[in-house]
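Have a look at the structure below before the remarks.
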Amino acid sequence: MRLLVVEDEVKTGDYLRTGLTEAGFLVDLARNGLDGHHLAMTESFDLIVLDVMLPDVDGWRIIKSLREADNTTPVLFLTARDSVDDRVKGLELGADDYLVKPFAFAELLARVRTLLRRGLTSAMAEHLEIADLVLDLPRRRVTRAGVRINLTTREFSLLELMVRRKGEVLPRSLIASQVWDMNFDSDTNVIDVAIRRLRVKIDEPYSLKLIHTVRGMGYQLDIMNDT
Ligand code: CA
């Protein structure tokens, strides 16, 4: 993972470079806005840590240029002022997160890791697959063995949850809160009914069953040989 740090304060720049290098990242350090702008626009990074108060080209300008060029590299900006305006401005310009100086290095590292993880997830999240079942998330379409399956919005959400957490036993209460946005009421069998309908659509015509009932616990989507 290659990171760009743009920071004009010598001590802070050195501290960030050392800390991030020790945490296992490859770090390029730009000590002014002009170099930072140039590097950000011409080289490829997994994430940019960007001080906004720079004497020449400021951080706002750098974020703006990046986003105007459709560069989606995650940007964590550092602001010395604890000003709501600054934070709003940074996020509006397309930054992904911010930290107010002074900050603890551990917090910066946690934010960096979260942003990198989020980037990986969204890059891979266009399609979810298990066996021959494919969910096309942007189009909200499902196919199995290449055949389109029509699901209701709720059924799609239910299936998406199960595929994202494949292999896990999902209690009804969790399914209720995630898919129905409600607290589980033990009298309702709405989840069992929905699972049954989903099974008819995605499992019944196929020999390999994906949805499994775990008695007394909930439901699980997985590739298993028993049913
Ligand atoms: Ca500065």
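Residue numbers start at 1 in each chain; chains themselves are named A, B, ... in the order of the structure tokens; ligands are numbered from 1 in the order shown.
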(request) All residues within 8 Å of ligand 1 are required, counting only C-alpha atoms and all ligand atoms; please report them as a ChimeraX atom specification. (result) /A:7-9,51-55,80
Can you list, as an mmCIF file with C-alpha atoms, in the first residue's frame, every protein, DNA or RNA residue that comes within 10 Å of Glu168 in chain A when you count only C-alpha atoms, leaving out same-chain residues fewer than 3 positions away?
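Final file, around-v4.cif:
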```
data_model
loop_
_atom_site.group_PDB
_atom_site.id
_atom_site.type_symbol
_atom_site.label_atom_id
_atom_site.label_comp_id
_atom_site.auth_asym_id
_atom_site.auth_seq_id
_atom_site.Cartn_x
_atom_site.Cartn_y
_atom_site.Cartn_z
ATOM 1 C CA MET A 162 -27.000 -13.633 3.537
ATOM 2 C CA VAL A 163 -24.430 -13.608 0.750
ATOM 3 C CA ARG A 164 -22.352 -10.913 2.436
ATOM 4 C CA ARG A 165 -22.307 -12.996 5.587
ATOM 5 C CA PRO A 171 -30.383 -15.310 13.909
ATOM 6 C CA GLY A 218 -31.544 -19.107 12.354
ATOM 7 C CA TYR A 219 -30.524 -19.309 8.736
ATOM 8 C CA GLN A 220 -27.276 -19.752 6.916
ATOM 9 C CA LEU A 221 -26.261 -19.372 3.333
ATOM 10 C CA ASP A 222 -23.395 -21.609 2.375
#
```
(message) For a quick check of understanding, using only C-alpha atoms, which of A:Gly36, A:Leu208, A:Val5, A:Phe77 has the smallest distance to Gly19 in chain A?
(response)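 Smallest distance to Gly19 in chain A is found for A:Val5.
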(message) Give me, as a count of residues only, the residues of range 2-142 of chain A that a backbone DSSP run labels strand (DSSP E).
(response) 34
(request) Show which residues sit within 12 Å of range 188-197 of chain A, as number ranges by chain. Count only C-alpha atoms, and ignore same-chain residues fewer than 6 positions away. (result) A: 150-159, 162, 170-180, 182, 203-204, 210-213, 218-221
(request) Work out how far apart CA of Thr73 in chain A and CA of Ile130 in chain A are and give it in Å to one decimal. (result) 29.1 Å
Skip Thr143 in chain A itself and residues of its chain fewer than 4 positions away, then list as a PDB file with N, CA, C and O atoms, in the first residue's frame all residues within 12 Å of it, counting only C-alpha atoms.
```
ATOM      1  N   HIS A 127     -20.196  -6.957  -7.499  1.00  0.00           N
ATOM      2  CA  HIS A 127     -20.833  -8.262  -7.597  1.00  0.00           C
ATOM      3  C   HIS A 127     -20.537  -9.091  -6.361  1.00  0.00           C
ATOM      4  O   HIS A 127     -19.424  -9.060  -5.859  1.00  0.00           O
ATOM      5  N   LEU A 128     -21.541  -9.808  -5.916  1.00  0.00           N
ATOM      6  CA  LEU A 128     -21.337 -10.781  -4.852  1.00  0.00           C
ATOM      7  C   LEU A 128     -21.648 -12.137  -5.462  1.00  0.00           C
ATOM      8  O   LEU A 128     -22.611 -12.281  -6.200  1.00  0.00           O
ATOM      9  N   GLU A 129     -20.843 -13.118  -5.131  1.00  0.00           N
ATOM     10  CA  GLU A 129     -21.038 -14.439  -5.722  1.00  0.00           C
ATOM     11  C   GLU A 129     -20.904 -15.536  -4.694  1.00  0.00           C
ATOM     12  O   GLU A 129     -20.087 -15.449  -3.789  1.00  0.00           O
ATOM     13  N   ILE A 130     -21.715 -16.560  -4.879  1.00  0.00           N
ATOM     14  CA  ILE A 130     -21.486 -17.811  -4.162  1.00  0.00           C
ATOM     15  C   ILE A 130     -21.976 -18.927  -5.073  1.00  0.00           C
ATOM     16  O   ILE A 130     -23.070 -18.847  -5.621  1.00  0.00           O
ATOM     17  N   ALA A 131     -21.131 -19.919  -5.259  1.00  0.00           N
ATOM     18  CA  ALA A 131     -21.397 -20.978  -6.236  1.00  0.00           C
ATOM     19  C   ALA A 131     -21.772 -20.318  -7.571  1.00  0.00           C
ATOM     20  O   ALA A 131     -21.051 -19.441  -8.036  1.00  0.00           O
ATOM     21  N   ASP A 132     -22.936 -20.688  -8.135  1.00  0.00           N
ATOM     22  CA  ASP A 132     -23.322 -20.097  -9.428  1.00  0.00           C
ATOM     23  C   ASP A 132     -24.333 -18.961  -9.259  1.00  0.00           C
ATOM     24  O   ASP A 132     -24.957 -18.523 -10.207  1.00  0.00           O
ATOM     25  N   LEU A 133     -24.473 -18.494  -8.021  1.00  0.00           N
ATOM     26  CA  LEU A 133     -25.391 -17.391  -7.728  1.00  0.00           C
ATOM     27  C   LEU A 133     -24.608 -16.068  -7.767  1.00  0.00           C
ATOM     28  O   LEU A 133     -23.568 -15.946  -7.126  1.00  0.00           O
ATOM     29  N   VAL A 134     -25.114 -15.120  -8.530  1.00  0.00           N
ATOM     30  CA  VAL A 134     -24.424 -13.833  -8.653  1.00  0.00           C
ATOM     31  C   VAL A 134     -25.398 -12.693  -8.374  1.00  0.00           C
ATOM     32  O   VAL A 134     -26.485 -12.632  -8.947  1.00  0.00           O
ATOM     33  N   LEU A 135     -24.992 -11.790  -7.486  1.00  0.00           N
ATOM     34  CA  LEU A 135     -25.774 -10.575  -7.238  1.00  0.00           C
ATOM     35  C   LEU A 135     -25.053  -9.408  -7.885  1.00  0.00           C
ATOM     36  O   LEU A 135     -23.888  -9.147  -7.575  1.00  0.00           O
ATOM     37  N   ASP A 136     -25.756  -8.740  -8.770  1.00  0.00           N
ATOM     38  CA  ASP A 136     -25.224  -7.531  -9.397  1.00  0.00           C
ATOM     39  C   ASP A 136     -25.790  -6.367  -8.582  1.00  0.00           C
ATOM     40  O   ASP A 136     -26.965  -6.021  -8.708  1.00  0.00           O
ATOM     41  N   LEU A 137     -24.945  -5.788  -7.721  1.00  0.00           N
ATOM     42  CA  LEU A 137     -25.459  -4.812  -6.755  1.00  0.00           C
ATOM     43  C   LEU A 137     -25.928  -3.504  -7.385  1.00  0.00           C
ATOM     44  O   LEU A 137     -27.001  -3.018  -7.044  1.00  0.00           O
ATOM     45  N   ARG A 139     -27.203  -2.929 -10.234  1.00  0.00           N
ATOM     46  CA  ARG A 139     -28.458  -3.126 -10.977  1.00  0.00           C
ATOM     47  C   ARG A 139     -29.507  -3.872 -10.173  1.00  0.00           C
ATOM     48  O   ARG A 139     -30.613  -4.098 -10.661  1.00  0.00           O
ATOM     49  N   VAL A 147     -29.119 -17.630 -15.237  1.00  0.00           N
ATOM     50  CA  VAL A 147     -30.544 -17.366 -15.458  1.00  0.00           C
ATOM     51  C   VAL A 147     -31.018 -16.276 -14.488  1.00  0.00           C
ATOM     52  O   VAL A 147     -30.808 -16.369 -13.288  1.00  0.00           O
ATOM     53  N   ARG A 148     -31.669 -15.281 -15.025  1.00  0.00           N
ATOM     54  CA  ARG A 148     -32.154 -14.160 -14.230  1.00  0.00           C
ATOM     55  C   ARG A 148     -33.267 -14.602 -13.292  1.00  0.00           C
ATOM     56  O   ARG A 148     -34.166 -15.334 -13.692  1.00  0.00           O
ATOM     57  N   ILE A 149     -33.188 -14.153 -12.045  1.00  0.00           N
ATOM     58  CA  ILE A 149     -34.223 -14.464 -11.052  1.00  0.00           C
ATOM     59  C   ILE A 149     -34.826 -13.154 -10.583  1.00  0.00           C
ATOM     60  O   ILE A 149     -34.090 -12.248 -10.187  1.00  0.00           O
ATOM     61  N   ASN A 150     -36.135 -13.051 -10.641  1.00  0.00           N
ATOM     62  CA  ASN A 150     -36.782 -11.818 -10.198  1.00  0.00           C
ATOM     63  C   ASN A 150     -37.070 -11.864  -8.709  1.00  0.00           C
ATOM     64  O   ASN A 150     -37.755 -12.757  -8.228  1.00  0.00           O
ATOM     65  N   LEU A 151     -36.539 -10.882  -8.003  1.00  0.00           N
ATOM     66  CA  LEU A 151     -36.781 -10.798  -6.569  1.00  0.00           C
ATOM     67  C   LEU A 151     -37.430  -9.456  -6.254  1.00  0.00           C
ATOM     68  O   LEU A 151     -37.186  -8.469  -6.950  1.00  0.00           O
ATOM     69  N   PHE A 156     -34.320  -9.161  -2.252  1.00  0.00           N
ATOM     70  CA  PHE A 156     -32.948  -8.859  -2.673  1.00  0.00           C
ATOM     71  C   PHE A 156     -32.101  -8.473  -1.463  1.00  0.00           C
ATOM     72  O   PHE A 156     -30.978  -8.950  -1.295  1.00  0.00           O
ATOM     73  N   LEU A 159     -31.313 -11.534   0.576  1.00  0.00           N
ATOM     74  CA  LEU A 159     -30.297 -12.365  -0.071  1.00  0.00           C
ATOM     75  C   LEU A 159     -28.922 -11.695   0.007  1.00  0.00           C
ATOM     76  O   LEU A 159     -27.912 -12.347   0.267  1.00  0.00           O
ATOM     77  N   LYS A 201     -37.374 -19.435  -5.096  1.00  0.00           N
ATOM     78  CA  LYS A 201     -36.782 -18.769  -6.264  1.00  0.00           C
ATOM     79  C   LYS A 201     -35.328 -19.140  -6.512  1.00  0.00           C
ATOM     80  O   LYS A 201     -34.937 -19.394  -7.645  1.00  0.00           O
ATOM     81  N   ILE A 202     -34.537 -19.159  -5.470  1.00  0.00           N
ATOM     82  CA  ILE A 202     -33.103 -19.347  -5.744  1.00  0.00           C
ATOM     83  C   ILE A 202     -32.584 -20.765  -5.510  1.00  0.00           C
ATOM     84  O   ILE A 202     -31.509 -21.100  -5.974  1.00  0.00           O
ATOM     85  N   ASP A 203     -33.334 -21.588  -4.792  1.00  0.00           N
ATOM     86  CA  ASP A 203     -32.822 -22.931  -4.497  1.00  0.00           C
ATOM     87  C   ASP A 203     -33.613 -24.065  -5.128  1.00  0.00           C
ATOM     88  O   ASP A 203     -33.041 -25.047  -5.569  1.00  0.00           O
TER      89      ASP A 203
END
```
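Our summary of the geometry notes that CA of Glu107 in chain A is positioned 23.3 Å from CA of Ile62 in chain A.
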(request) Kindly indicate which residue among A:Ala106, A:Val100, A:Val57, A:Val88 lies nearest to Asp35 in chain A, using only C-alpha atoms for the distances. (result) A:Val57
(message) Would you compute the distance between CA of Leu91 in chain A and CA of Val75 in chain A? Give it in Å to one decimal.
(response)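 CA of Leu91 in chain A sits 9.5 Å away from CA of Val75 in chain A.
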